[in-house]
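Working notes, beginning with the structure itself.
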Amino acid sequence: MATPVIETEGLTKVFGRLRNPKLAVDHIHFRVEPGQVYGFLGPNGAGKSTTIRMILNLMYASEGKALVFGEDPRKKPEVLYRVGSLVEGATFYPYLRGWDNLKVVGNSRGGFDEARAKQLLQFVGLVGSERVRVKAYSTGMKQRLGIAAALLNNPDLVILDEPTNGMDPSGIREMRQFIRDLAYKYGKTVFLTSHLLSEVQQTSDRVAIVNKGKIVVEGRIDELLNQEEELEVEVGSLEKAKTALQERWLVIPSTVPNEPNRFRIKATRNDTPSIVRRLVDQNVDVFGIAPVRQSLEDYFLEVTGDAPLPLDPSSLPVGAKPHA
Amino acid sequence: METPASRSRIQLNPLRPLLRNPVALKELRGRMRGPRAFVVLTCYLMVVGGFTTLLYIAGTAATYSTSGEVDGGTLGRVLFGSVVAIELFLVTFITPAFTAGSISGEHESQTYDLLRTTLLPERQLVFGKLFSALAYVLLLLLAAIPLQSIAFLFGGVDIEEVLISLLVLLATAIFLGTVGVYYSALTHRTLRANIMTYVTILTVILITTAGAVIALAVAEGLNPSTSSTGSEWFLLIVRGIFVCLNPLTTLLATQQYLVNQQTLFTFQYTFSNGTTTTLPSPWIVFTILYLVLSVVVFFLTTRHLKRIEG
């Protein structure tokens with residue numbers, strides 16, 4: 001079995017130990033395998049950046065440890081030479097040109113490889129802008145320069161903390177493509193934090209959803225979203241339709257105020273003909289019926305909601321691991 | 001990758017490791033960009049030049065009125081000493097301003113993590129910050145040498161004195177610079193780092209000046225017939241420490257021994273019982289002391305930076 005690229009064991013961070021202690025990260029365990037795109041999801045203040053800072057040895061863990069390529073960066077910081085990172089937004093020296101900023105980063109890592117820097121500028125689409133001072137860059141350009149800086153030393157692991165923060169939709173789409181290319185074209189392992197769920201859903205193989213410092217759920221995206229299927233039905237009369245269907249299927253009324261005749265039922269796509277037949281037999285007008293696919297966003301809101309979370313393992317989807 | 005050609009260039013250019021320090025390079029470029037560096041240099045030279053002109057006018061009038069002719073040697077020494085004193089005053093206040101924001105500024109502009117994630121060694125970060133600030137201070141000192149050299153037109157000042165003053169000013173700048181970087185590493189706020197640096201410097205100046213004056217007064221108050229050589233030695237060492245911890249008193253004492261004893265590296269001290277002893281000149285003790293203290297503060301700074309955020 002390959003050594004995990006990142007493995008945390010009871011990683012914990014408490015701020016302000018003496019006065020008013022705040023548990024920012026609470027005994028989290030997760031593993032990132034080589035070649036994976038691992039999404040670390042959570043609302044603002046959930047502990048995502050703190051976790052990254054502990055992995056990168058920018059901050060001490062109060063308890064537990066984070067291993068990178070099987071090594072503890074506190075004892076062996078050289079292991080972090082195999083890591084490229086973009087932490088808490090791309091910040092650069094505004095008075096220097098993009099190229100000079102890359103030089104500062106490259107030289108700080110022990111040597112600046114001009115050929116590689118040029119390749120990376122091509123990769124992130126900044127060719128022609130490298131001679132412009134960073135203060136004239138848009139947020140998207142800075143993020144792309146941040147990606148180029150993170151990749152300068154040709155790392156095996158790329159850690160991206162909210163890489164799409166402040167980017168416009170086209171920038172977000174480009175970033176998604178960069179991340180996919182990093183993993184699937186260049187074989188890098190990517191650890192990505194975000195609160196933009198569609199981005200994570202489209203790029204990550206595996207996710208951990210973190211809330212209030214704890215991992216609420218962790219697993220493969222396809223497994224997490226492989227929930228019991230639902231169908232959405234729109235009819236002429238809700239009451240008649242409910243009477244016709246509820247003896248066989250569970251009917252969930254719509255909560256959308258201006259769509260009173262739309263509801264969901266717990267049923268599979270294969271049940272569609274039976275449902276339509278039954279409604280027509282009962283003289284109910286059918287305007288539409290379609291399977292409902294749960295998005296990561298729905299799932300995220302479900303597990304990070306203020307209400308107590310369903311941590312009973314039986315309530316979780318197949319493959320998902322509950323975290324206490 | 002380092003090629004044989006690049007290795008030979010390193011051997012040929014001893015400054016190359018220094019100039020390869022990414023922080024030093026970035027800082028130098030940042031410092032010399034825009035009008036600030038040139039405005040500071042111009043103002044500095046205007047202040048030193050203005051005072052030199054005023055001192056020249058006042059000095060000429062004073063020596064003429066007392067002796068009926070201009071005493072070139074006295075005028076030269078007064079001009080030289082005053083220019084060095086002004087330079088010392090300006091270096092004391094300018095150097096911390098350049099260094100006290102060096103690391104805290106990285107926190108404030110959120111670029112500290114950028115540097116830390118590159119695994120840049122702490123000593124390189126501190127050295128780069130210090131070197132860039134001191135390079136600029138050195139520029140200020142070198143730019144004022146022509147003003148110091150006006151004294152040569154009147155005589156009374158040797159080239160050794162100019163070199164000693166430059167060395168003392170440089171050692172002062174190095175020490176004050178490291179103190180500024182230390183406080184900058186200690187706090188994430190530039191304003192706080194500035195305040196802490198200036199309070200420390202002013203405290204050192206006040207305590208050493210007061211200590212030197214008190215020790216001198218006590219030594220002069222000793223009764224030669226009753227005092228022992230041991231107590232005189234003790235007071236001499238105490239006074240020496242205070243004098244040699246303060247650049248101004250160091251320069252004054254060095255100048256006094258240069259004029260009275262015509263010695264550059266040592267001076268003779270005569271005890272009340274008539275015995276004499278030879279001691280190193282204050283500027284030597286001062287320079288060694290300040291450079292050693294600078295190294296200590298430098299290591300304290302790197303040690304603090306090694307401590308990961310708790």
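Each chain of the structure tokens is named A, B, ... in the order shown, its residues numbered from 1; ligands are numbered from 1 in display order.
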_Please identify all residues of chain A having at least one atom at most 6 Å from any atom of chain B, considering only C-alpha atoms, and return them as a list in words._
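Putting it all together, I get Leu58, Met59, Tyr60, Thr91, Val104, Asn107, Ser108 and Arg109 of chain A.
The environment of B:Phe80 within 8 Å, counting only C-alpha atoms and disregarding residues fewer than 6 places along the same chain, consists of Gln148, Ser149, Ile150, Ala151 and Val157 of chain B.
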Write to file, as a tab-separated table (two decimals), in the first residue's frame, the residues of the selection just made, with C-alpha atoms.
chain	number	residue	atom	x	y	z
B	148	GLN	CA	33.20	65.41	6.70
B	149	SER	CA	36.19	66.01	4.43
B	150	ILE	CA	35.65	69.80	4.42
B	151	ALA	CA	37.58	69.64	7.71
B	157	VAL	CA	41.84	66.19	11.34
_Distance in Å - atom CA of B:Gly105 versus atom CA of B:Arg36_ = 16.8 Å
_Applying 10 Å and only C-alpha atoms, which residues near B:Tyr44 remain after dropping the ones on its own chain fewer than 6 positions away? List them as a ChimeraX atom specification._
/B:38,50,86-87,90-91,94,140-141,143-144
*Which is closest to B:Leu130 among B:Ala210, B:Leu166, B:Leu28, B:Leu153, if we use only C-alpha atoms?*
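When distances to B:Leu130 are compared using only C-alpha atoms, the smallest one comes from B:Leu28.
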_Residues near A:Tyr137, cut-off 12 Å, only C-alpha atoms, skip fewer than 4 positions along chain, as a list in words_ =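 Once the adjacent positions are removed, what remains is Ala90, Thr91, Phe92, Tyr93, Pro94, Tyr95, Leu96, Arg97, Gly98, Leu126, Ser129, Glu130, Arg131, Val132, Arg133, Met141, Lys142, Gln143, Arg144, Leu145 and Gly146 of chain A.
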*Mind the document's chain letters and residue numbers, and return as a ChimeraX atom specification the residues of stretch 104-213 of chain A that DSSP labels strand (DSSP E).*
/A:157-161,189-194,206-211
*Taking only C-alpha atoms into account, which of B:Thr254, B:Thr275, B:Thr249, B:Gln262 comes nearest B:Ser228?*
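Closest residue, counting only C-alpha atoms: B:Thr275.
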*Could you pull out all residues of stretch 38-258 of chain B with a DSSP call of alpha helix (DSSP H) and give them as a PyMOL selection string?*
chain B and resi 38-67+72-99+104-108+112-116+122-143+145-148+150-154+159-186+190-221+229-244+247-258
*Identify which of the residues A:Leu151, A:Lys103, A:Met175, A:Arg277 lies closest to A:Gly125, counting only C-alpha atoms when measuring atom-to-atom distances.*
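Answer, going by the shortest atom-to-atom distance: A:Met175.
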*How far is it from atom CA of A:Phe69 to atom CA of A:Glu174, in Å with one decimal?*
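Taking atom CA of A:Phe69 and atom CA of A:Glu174, their separation equals 28.7 Å.
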*asked:* Excluding A:Asn44 and its own-chain neighbours fewer than 4 positions away, which residues fall within 9 Å of it when counting only C-alpha atoms? Please give them as a ChimeraX atom specification.
replied: /A:48,195,211
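Near A:Pro273, within 12 Å and counting only C-alpha atoms, sit Leu231, Ala267, Leu279, Val280, Val286, Ile289 and Ala290 of chain A, not including residues fewer than 6 positions from it in the same chain.
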Those residues you just picked out, can you put them in a file as a PDB file, in the first residue's frame with N, CA and C atoms?
ATOM      1  N   LEU A 231     -37.885  11.406  -7.148  1.00  0.00           N
ATOM      2  CA  LEU A 231     -38.421  11.923  -8.412  1.00  0.00           C
ATOM      3  C   LEU A 231     -39.204  13.184  -8.083  1.00  0.00           C
ATOM      4  N   ALA A 267     -38.593   7.432  -4.914  1.00  0.00           N
ATOM      5  CA  ALA A 267     -38.808   6.383  -5.912  1.00  0.00           C
ATOM      6  C   ALA A 267     -37.644   6.390  -6.877  1.00  0.00           C
ATOM      7  N   LEU A 279     -51.293   7.950 -11.825  1.00  0.00           N
ATOM      8  CA  LEU A 279     -51.840   9.313 -11.790  1.00  0.00           C
ATOM      9  C   LEU A 279     -52.898   9.511 -12.876  1.00  0.00           C
ATOM     10  N   VAL A 280     -52.599   8.976 -14.038  1.00  0.00           N
ATOM     11  CA  VAL A 280     -53.553   9.120 -15.154  1.00  0.00           C
ATOM     12  C   VAL A 280     -54.820   8.343 -14.842  1.00  0.00           C
ATOM     13  N   VAL A 286     -50.747  15.306 -15.365  1.00  0.00           N
ATOM     14  CA  VAL A 286     -49.303  15.231 -15.105  1.00  0.00           C
ATOM     15  C   VAL A 286     -48.575  16.218 -16.031  1.00  0.00           C
ATOM     16  N   ILE A 289     -42.335  14.866 -14.817  1.00  0.00           N
ATOM     17  CA  ILE A 289     -41.770  13.967 -13.816  1.00  0.00           C
ATOM     18  C   ILE A 289     -40.296  13.755 -14.187  1.00  0.00           C
ATOM     19  N   ALA A 290     -39.412  13.942 -13.195  1.00  0.00           N
ATOM     20  CA  ALA A 290     -37.973  13.843 -13.504  1.00  0.00           C
ATOM     21  C   ALA A 290     -37.200  13.413 -12.268  1.00  0.00           C
TER      22      ALA A 290
END
_Using only C-alpha atoms: which of A:Ala244, A:Leu157, A:Leu86, A:Ala46 has the shortest distance to A:Val216_ = A:Ala46
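Our summary of the geometry notes that atom CA of A:Ser62 is positioned 6.0 Å from atom CA of A:Val14.
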*May I have the residues within 12 Å of B:Leu163 as a PyMOL selection string, using only C-alpha atoms and disregarding those fewer than 4 positions away in the same chain?*
chain B and resi 84+141-142+145+148-149+157-159+167-170+251+264+283
*Smallest atom-to-atom distance to A:Glu9: which of A:Gly171, A:Pro163, A:Gly110, A:Gly64, using only C-alpha atoms?*
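Of all the options, A:Gly64 lies closest to A:Glu9.
Distances here use only C-alpha atoms; by that measure, the residue among B:Leu305, B:Leu279, B:Ala58, B:Val295 closest to B:Glu122 is B:Leu305.
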